[in-house]
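Enquirer: There's a structure below that I have some questions on.
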Amino acid sequence: MKRLTNTNIKLLPFYVVCLVLLVWYVVTATGLIPKFLMPGPIDVVQAFIEDFGLLMTNMWTTVVEAFWGLLLGVILGLLIAIAMDGINWLYRAIYPLLVLSQTIPTYAIAPILILWFGYGILPKVLLIIVTTFFPVAVETLTGLRSADHDLIRLMHTMGAKRLQILRYVKLPASLNHFFASLRISVSYSIIGAVIAEWVGGDSGLGVYMTRVMKTYAYDKMFAVIVLISLVSLILIGLVDVLQKLMMPWTRRRANK
Amino acid sequence: MLLEVRDINKSFDQQPIIQNIDLHVATGEIVSLLGVSGSGKTTLFNIIAGLSKPDQGQVLLNGQNNVLKSGNVSYMLQKDLLMPYRTVLDNVILPLLLRKVPKKMARQKALTLFKEFGIDGYEHKYPQELSGGMRQRAALLRTYLFDKPLTLLDEPFSALDELTKRTMHQWYIDMMHKLHLSTLLITHDIDEALVLSNRVYVIAGRPSQIVDELRLNPTRDASVAFELTPDFLTYKRRIITDLGV
């Protein structure tokens, strides 16, 4: 068998996507699956163009909610990680609770948050904080603890204080872990916003979704799903760019 | 006396590790502490550096008690411990930053020393782009910028290949004289101890004690490599007997 060249391997996912689109087009266009159950790709694109303005307005709401929720969730996660790394009894006290907090399904608390804090942005932001702080806290904590012990010892011999060790050794050592968790939290933030909007709200992609669902406009439903994926992908891409900017040394080659 | 260690004892879990350790280092000397791995040399170093407390005994630095007082001696380990996320320049200025020297001033001060340490041109590279010998030079510059009268070296050259190691030995002796450093060196390498030192303490036994002290002839003929002289072999035979290996 002929081996795939490098460029071909890179393009492989692209081919797969094309194939899926083609199959999708064929089964819908031939009427194998009736249109009212599943719109074809072209219908989805048309719906997207038709409702473009509306989609953009709603997307803006969702992105703003996700931004604030993510920002606060990441800050909270970092603070928890740093506190748990620095204070051992706090680690023992909080860690089980932290894990427990993740067993609560987001769907279940969304209505309660709406009930308590109304239809505005606050319950959405709170829900996103709850879903995004955990990966950041746990991963960053692992990163902080992975710092080289000999390096910390060397810093002690130089008379370094705790905060200096945190700044010069532990935080840089945890950057890789932090960005891995940020990538997860970014997609959680969009999903969290959409779920909160399902339960109650005036605008946002989740609100738009429930509306088009009630009118059985499945083409628009698919359009908004694609849009949500796109937004998540773009945000994850932004995290990658940010990581490259903040970790310039990873691009230098090792001397061998 | 720059460093005086008097009657140090230390146990872990009731198991004595080092016993009745007496040693001293005068200003300008290179003194080696030679022993097999696991003989408690690093334990002793941690005590001298003020990182751990002896069960008994005194550590005097310039006549001042240094037990559990870190930050008064420079310490360099076998691993270069350069931070992969900082450039070489930003690595070596670390001790200055810890002392709250402004970054700009610290960089200026360090930049004047790169040539002397033989790593000029590597200022803005990352450590992983340097060879082992170069990284050790950078680590020594960082140690030097910590600017303490006594430098503790914990097997600093043992990870290097044989040829690089020889170059580094000669280079270190030159640097010592130029910069007026005083050094206490831990090693398990007999040749290294003899080539580098003015005096050698041999540590052996269980618990470890100092079993011998060698004063090497200070008026060595520099034109003949010391390792090739009969004196060298005499010293080496004596150390091998001391260690019982």
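Numbering starts fresh at 1 for the residues of each chain in the structure tokens, the chains themselves are lettered A, B, ... in the order given, and ligands are numbered from 1 as they appear.
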Just the residues within 6 Å of range 155-157 of chain B, please, counting only C-alpha atoms, with nothing from its chain fewer than 3 positions along; format it as a PyMOL selection string.
Expert: chain B and resi 77-78+160+186-187
Enquirer: Keeping C-alpha atoms for every residue in the selection just given, could you write it to a file as a short mmCIF file (atom, residue, chain, number, x, y, z; two decimals), in the first residue's frame?
Expert:
data_model
loop_
_atom_site.label_atom_id
_atom_site.label_comp_id
_atom_site.auth_asym_id
_atom_site.auth_seq_id
_atom_site.Cartn_x
_atom_site.Cartn_y
_atom_site.Cartn_z
CA LEU B 77 23.71 21.70 41.77
CA GLN B 78 24.48 18.97 39.28
CA LEU B 160 29.02 16.45 31.46
CA ILE B 186 31.02 17.90 46.65
CA THR B 187 32.21 15.17 44.34
#
Enquirer: What's around range 70-74 of chain B at 8 Å? Count only C-alpha atoms, leave out sequence neighbours fewer than 5 positions away in its own chain, and write the answer as JSON, numbers by chain.
Expert: {"A": [156, 157, 158, 159, 160], "B": [49, 50, 51, 143, 144, 146, 147, 148, 149, 150, 151, 152]}
Enquirer: With only C-alpha atoms as the atoms that count, which of B:Leu60, B:Arg137, B:Met176, B:Arg142 lies nearest to Leu98 in chain B?
Expert: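 Comparing B:Leu60, B:Arg137, B:Met176, B:Arg142 against Leu98 in chain B, the winner is B:Arg142.
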Enquirer: Which polymer residues have any atom within 12 Å of an atom of Arg167 in chain A, counting only C-alpha atoms, with same-chain residues fewer than 3 positions away left out, as a count of residues only?
Expert: 19
Enquirer: Which residues in range 136-227 of chain B does DSSP call helix (DSSP H, G or I)? List them as a PyMOL selection string.
Expert: chain B and resi 136-146+162-179+190-196+226-227
Enquirer: Neighbours of range 106-122 of chain B within 8 Å (only C-alpha atoms; same-chain residues fewer than 6 positions away dropped), as a list in words?
Expert: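 Residues near the query, excluding close chain neighbours: Val88, Leu89, Asp90, Val92, Ile93, Leu96, Leu97, Leu130, Met134, Arg137, Ala138, Leu141, Leu145 and Met175 of chain B.
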Enquirer: Output N, CA and C atoms of each residue in that selection to a file, as a PDB file, in the first residue's frame.
Expert:
ATOM      1  N   VAL B  88      18.506  32.966  28.664  1.00  0.00           N
ATOM      2  CA  VAL B  88      19.703  32.801  29.490  1.00  0.00           C
ATOM      3  C   VAL B  88      19.920  34.062  30.323  1.00  0.00           C
ATOM      4  N   LEU B  89      19.781  35.230  29.691  1.00  0.00           N
ATOM      5  CA  LEU B  89      19.965  36.482  30.423  1.00  0.00           C
ATOM      6  C   LEU B  89      18.999  36.590  31.603  1.00  0.00           C
ATOM      7  N   ASP B  90      17.729  36.290  31.339  1.00  0.00           N
ATOM      8  CA  ASP B  90      16.744  36.419  32.413  1.00  0.00           C
ATOM      9  C   ASP B  90      16.897  35.325  33.473  1.00  0.00           C
ATOM     10  N   VAL B  92      20.019  34.207  34.490  1.00  0.00           N
ATOM     11  CA  VAL B  92      21.157  34.521  35.360  1.00  0.00           C
ATOM     12  C   VAL B  92      20.868  35.700  36.291  1.00  0.00           C
ATOM     13  N   ILE B  93      19.918  36.566  35.921  1.00  0.00           N
ATOM     14  CA  ILE B  93      19.649  37.721  36.788  1.00  0.00           C
ATOM     15  C   ILE B  93      18.680  37.371  37.919  1.00  0.00           C
ATOM     16  N   LEU B  96      19.329  38.482  41.443  1.00  0.00           N
ATOM     17  CA  LEU B  96      19.207  39.934  41.607  1.00  0.00           C
ATOM     18  C   LEU B  96      17.739  40.329  41.722  1.00  0.00           C
ATOM     19  N   LEU B  97      16.892  39.687  40.886  1.00  0.00           N
ATOM     20  CA  LEU B  97      15.456  39.990  40.938  1.00  0.00           C
ATOM     21  C   LEU B  97      14.883  39.628  42.304  1.00  0.00           C
ATOM     22  N   LEU B 130      21.179  25.573  24.323  1.00  0.00           N
ATOM     23  CA  LEU B 130      22.599  25.558  24.663  1.00  0.00           C
ATOM     24  C   LEU B 130      23.079  24.140  24.940  1.00  0.00           C
ATOM     25  N   MET B 134      27.771  24.817  28.168  1.00  0.00           N
ATOM     26  CA  MET B 134      27.325  26.212  28.124  1.00  0.00           C
ATOM     27  C   MET B 134      26.287  26.476  29.208  1.00  0.00           C
ATOM     28  N   ARG B 137      27.960  26.864  32.477  1.00  0.00           N
ATOM     29  CA  ARG B 137      28.577  28.193  32.590  1.00  0.00           C
ATOM     30  C   ARG B 137      27.539  29.229  32.978  1.00  0.00           C
ATOM     31  N   ALA B 138      26.369  29.139  32.314  1.00  0.00           N
ATOM     32  CA  ALA B 138      25.288  30.081  32.637  1.00  0.00           C
ATOM     33  C   ALA B 138      24.856  29.910  34.090  1.00  0.00           C
ATOM     34  N   LEU B 141      27.282  31.592  36.235  1.00  0.00           N
ATOM     35  CA  LEU B 141      27.107  33.050  36.222  1.00  0.00           C
ATOM     36  C   LEU B 141      25.958  33.450  37.141  1.00  0.00           C
ATOM     37  N   LEU B 145      26.283  35.836  40.347  1.00  0.00           N
ATOM     38  CA  LEU B 145      25.493  37.056  40.551  1.00  0.00           C
ATOM     39  C   LEU B 145      24.748  37.039  41.885  1.00  0.00           C
ATOM     40  N   MET B 175      38.417  31.013  36.581  1.00  0.00           N
ATOM     41  CA  MET B 175      37.357  31.925  37.038  1.00  0.00           C
ATOM     42  C   MET B 175      37.490  32.202  38.535  1.00  0.00           C
TER      43      MET B 175
END
Enquirer: Identify, with DSSP run on backbone atoms, the residues in range 85-225 of chain B assigned to strand (DSSP E or B), and express the list as number ranges by chain.
Expert: B: 150-154, 182-187, 199-204, 208-215
Enquirer: Can you list, as a list in words, every protein, DNA or RNA residue that comes within 10 Å of Ile190 in chain B when you count only C-alpha atoms, leaving out same-chain residues fewer than 5 positions away?
Expert: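 Selected residues are Ser32, Leu34, Gly35, Val36, Val195, Val200, Val202, Tyr235, Lys236, Ile239 and Ile240 of chain B.
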Enquirer: Tell me, as an mmCIF file with N, CA and C atoms, in the first residue's frame, which residues lie within 12 Å of Leu44 in chain B, counting only C-alpha atoms; anything in the same chain fewer than 2 positions away does not count.
Expert:
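Output (around_19.cif):
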data_model
loop_
_atom_site.group_PDB
_atom_site.id
_atom_site.type_symbol
_atom_site.label_atom_id
_atom_site.label_comp_id
_atom_site.auth_asym_id
_atom_site.auth_seq_id
_atom_site.Cartn_x
_atom_site.Cartn_y
_atom_site.Cartn_z
ATOM 1 N N VAL B 5 32.761 24.531 60.143
ATOM 2 C CA VAL B 5 31.727 23.564 60.506
ATOM 3 C C VAL B 5 32.278 22.770 61.677
ATOM 4 N N ARG B 6 31.542 22.776 62.802
ATOM 5 C CA ARG B 6 32.070 22.132 64.007
ATOM 6 C C ARG B 6 31.153 21.027 64.507
ATOM 7 N N ASP B 7 31.657 19.828 64.480
ATOM 8 C CA ASP B 7 31.018 18.700 65.158
ATOM 9 C C ASP B 7 29.542 18.505 64.770
ATOM 10 N N ILE B 8 29.301 18.468 63.463
ATOM 11 C CA ILE B 8 27.923 18.319 62.985
ATOM 12 C C ILE B 8 27.494 16.845 63.029
ATOM 13 N N ASN B 9 26.297 16.618 63.569
ATOM 14 C CA ASN B 9 25.669 15.296 63.557
ATOM 15 C C ASN B 9 24.277 15.437 62.990
ATOM 16 N N LYS B 10 23.851 14.451 62.215
ATOM 17 C CA LYS B 10 22.487 14.490 61.696
ATOM 18 C C LYS B 10 21.968 13.075 61.481
ATOM 19 N N SER B 11 20.756 12.820 61.966
ATOM 20 C CA SER B 11 20.129 11.516 61.770
ATOM 21 C C SER B 11 18.808 11.693 61.051
ATOM 22 N N ILE B 17 23.298 9.709 59.930
ATOM 23 C CA ILE B 17 23.776 9.831 58.557
ATOM 24 C C ILE B 17 25.203 10.369 58.550
ATOM 25 N N ILE B 18 25.404 11.487 59.244
ATOM 26 C CA ILE B 18 26.755 12.048 59.329
ATOM 27 C C ILE B 18 27.090 12.270 60.799
ATOM 28 N N GLN B 19 28.358 12.135 61.123
ATOM 29 C CA GLN B 19 28.762 12.181 62.521
ATOM 30 C C GLN B 19 30.074 12.947 62.681
ATOM 31 N N ASN B 20 30.110 13.811 63.672
ATOM 32 C CA ASN B 20 31.332 14.542 64.069
ATOM 33 C C ASN B 20 32.056 15.177 62.883
ATOM 34 N N ILE B 21 31.298 15.889 62.072
ATOM 35 C CA ILE B 21 31.920 16.514 60.903
ATOM 36 C C ILE B 21 32.539 17.853 61.306
ATOM 37 N N ASP B 22 33.850 17.974 61.106
ATOM 38 C CA ASP B 22 34.557 19.231 61.310
ATOM 39 C C ASP B 22 35.223 19.589 59.998
ATOM 40 N N LEU B 23 34.982 20.782 59.525
ATOM 41 C CA LEU B 23 35.751 21.216 58.351
ATOM 42 C C LEU B 23 35.751 22.730 58.274
ATOM 43 N N LEU B 33 34.881 17.884 49.108
ATOM 44 C CA LEU B 33 34.380 16.879 50.030
ATOM 45 C C LEU B 33 34.127 15.651 49.164
ATOM 46 N N GLY B 38 25.534 8.708 48.342
ATOM 47 C CA GLY B 38 24.760 8.256 49.495
ATOM 48 C C GLY B 38 25.524 8.362 50.802
ATOM 49 N N SER B 39 26.637 9.116 50.817
ATOM 50 C CA SER B 39 27.405 9.222 52.052
ATOM 51 C C SER B 39 27.022 10.458 52.865
ATOM 52 N N GLY B 40 25.894 11.075 52.538
ATOM 53 C CA GLY B 40 25.422 12.190 53.357
ATOM 54 C C GLY B 40 26.046 13.522 53.011
ATOM 55 N N LYS B 41 26.686 13.599 51.826
ATOM 56 C CA LYS B 41 27.325 14.862 51.442
ATOM 57 C C LYS B 41 26.283 15.951 51.223
ATOM 58 N N THR B 42 25.205 15.581 50.532
ATOM 59 C CA THR B 42 24.166 16.580 50.254
ATOM 60 C C THR B 42 23.459 17.006 51.538
ATOM 61 N N ASN B 46 23.066 20.804 52.725
ATOM 62 C CA ASN B 46 21.805 21.458 53.098
ATOM 63 C C ASN B 46 21.923 22.146 54.447
ATOM 64 N N ILE B 47 22.693 21.530 55.350
ATOM 65 C CA ILE B 47 22.888 22.147 56.663
ATOM 66 C C ILE B 47 23.719 23.425 56.523
ATOM 67 N N ILE B 48 24.798 23.340 55.745
ATOM 68 C CA ILE B 48 25.657 24.520 55.569
ATOM 69 C C ILE B 48 24.878 25.651 54.880
ATOM 70 N N ALA B 49 24.024 25.274 53.908
ATOM 71 C CA ALA B 49 23.256 26.291 53.176
ATOM 72 C C ALA B 49 22.114 26.861 54.016
ATOM 73 N N GLY B 50 21.891 26.277 55.182
ATOM 74 C CA GLY B 50 20.839 26.801 56.068
ATOM 75 C C GLY B 50 19.458 26.273 55.737
ATOM 76 N N LEU B 51 19.395 25.174 54.968
ATOM 77 C CA LEU B 51 18.088 24.618 54.598
ATOM 78 C C LEU B 51 17.601 23.586 55.595
ATOM 79 N N SER B 52 18.533 22.953 56.299
ATOM 80 C CA SER B 52 18.086 21.956 57.273
ATOM 81 C C SER B 52 18.921 22.071 58.551
ATOM 82 N N LYS B 53 18.340 21.587 59.647
ATOM 83 C CA LYS B 53 18.920 21.829 60.964
ATOM 84 C C LYS B 53 19.742 20.611 61.393
ATOM 85 N N PRO B 54 20.965 20.797 61.864
ATOM 86 C CA PRO B 54 21.728 19.664 62.374
ATOM 87 C C PRO B 54 21.202 19.260 63.754
ATOM 88 N N ASP B 55 21.362 17.976 64.120
ATOM 89 C CA ASP B 55 20.964 17.557 65.468
ATOM 90 C C ASP B 55 21.903 18.167 66.498
ATOM 91 N N GLY B 57 25.878 20.550 66.701
ATOM 92 C CA GLY B 57 26.996 21.171 66.005
ATOM 93 C C GLY B 57 26.719 22.586 65.545
ATOM 94 N N GLN B 58 27.763 23.192 65.012
ATOM 95 C CA GLN B 58 27.684 24.605 64.646
ATOM 96 C C GLN B 58 28.109 24.820 63.202
ATOM 97 N N VAL B 59 27.488 25.788 62.560
ATOM 98 C CA VAL B 59 27.946 26.256 61.251
ATOM 99 C C VAL B 59 28.218 27.741 61.386
ATOM 100 N N VAL B 67 23.039 28.451 61.083
ATOM 101 C CA VAL B 67 22.091 27.328 61.138
ATOM 102 C C VAL B 67 20.690 27.832 60.789
ATOM 103 N N LEU B 152 28.867 26.806 47.206
ATOM 104 C CA LEU B 152 28.772 25.363 47.382
ATOM 105 C C LEU B 152 28.460 24.750 46.031
ATOM 106 N N ASP B 154 27.523 21.231 44.232
ATOM 107 C CA ASP B 154 27.114 19.852 44.464
ATOM 108 C C ASP B 154 27.237 19.068 43.157
ATOM 109 N N LEU B 184 33.376 25.304 48.194
ATOM 110 C CA LEU B 184 33.328 23.972 48.787
ATOM 111 C C LEU B 184 32.597 23.091 47.782
ATOM 112 N N LEU B 185 33.285 22.028 47.342
ATOM 113 C CA LEU B 185 32.789 21.214 46.238
ATOM 114 C C LEU B 185 32.505 19.796 46.713
ATOM 115 N N ILE B 186 31.332 19.305 46.402
ATOM 116 C CA ILE B 186 31.019 17.899 46.652
ATOM 117 C C ILE B 186 31.322 17.119 45.389
ATOM 118 N N ILE B 203 35.296 11.635 52.960
ATOM 119 C CA ILE B 203 34.209 11.267 53.872
ATOM 120 C C ILE B 203 33.817 9.826 53.580
ATOM 121 N N SER B 208 28.630 8.493 58.134
ATOM 122 C CA SER B 208 29.787 9.071 57.466
ATOM 123 C C SER B 208 30.569 10.003 58.392
ATOM 124 N N GLN B 209 31.877 9.842 58.339
ATOM 125 C CA GLN B 209 32.763 10.734 59.078
ATOM 126 C C GLN B 209 33.877 11.165 58.142
ATOM 127 N N ILE B 210 34.576 12.240 58.556
ATOM 128 C CA ILE B 210 35.724 12.636 57.755
ATOM 129 C C ILE B 210 36.899 11.758 58.160
#
Enquirer: Check the smallest atom-to-atom distance from each of A:Ala137, A:Leu76, A:Ile195, A:Ile184 to Lys124 in chain A using only C-alpha atoms, then report the winner.
Expert: A:Ile195
Enquirer: Counting only C-alpha atoms, figure out which residue out of B:His124, B:Ser182, B:Leu68, B:Tyr201 gets nearest to Arg238 in chain B.
Expert: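 For Arg238 in chain B, the nearest of the candidates is B:Tyr201.
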Enquirer: State, in Å with one decimal place, the distance from CA of Leu22 in chain A to CA of Met38 in chain A.
Expert: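 Those two atoms sit 14.4 Å apart.
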Enquirer: Taking only C-alpha atoms into account, name the residue in B:Gln128, B:Gln56, B:Asn91, B:Ser37 that is nearest to chain A.
Expert: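 Counting only C-alpha atoms, the residue closest to chain A is B:Gln128.
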Enquirer: Using only C-alpha atoms, which of the listed residues (A:Ala29, A:Val138, A:Val169, A:Ile191) sits closest to chain B?
Expert: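 Under the stated criterion, the closest residue is A:Val169.
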Enquirer: Residues at most 12 Å from Phe222 in chain A, counting only C-alpha atoms, excluding those fewer than 3 positions away in the same chain, as a PyMOL selection string?
Expert: chain A and resi 37-48+205+208-209+212-213+216-219+225-229
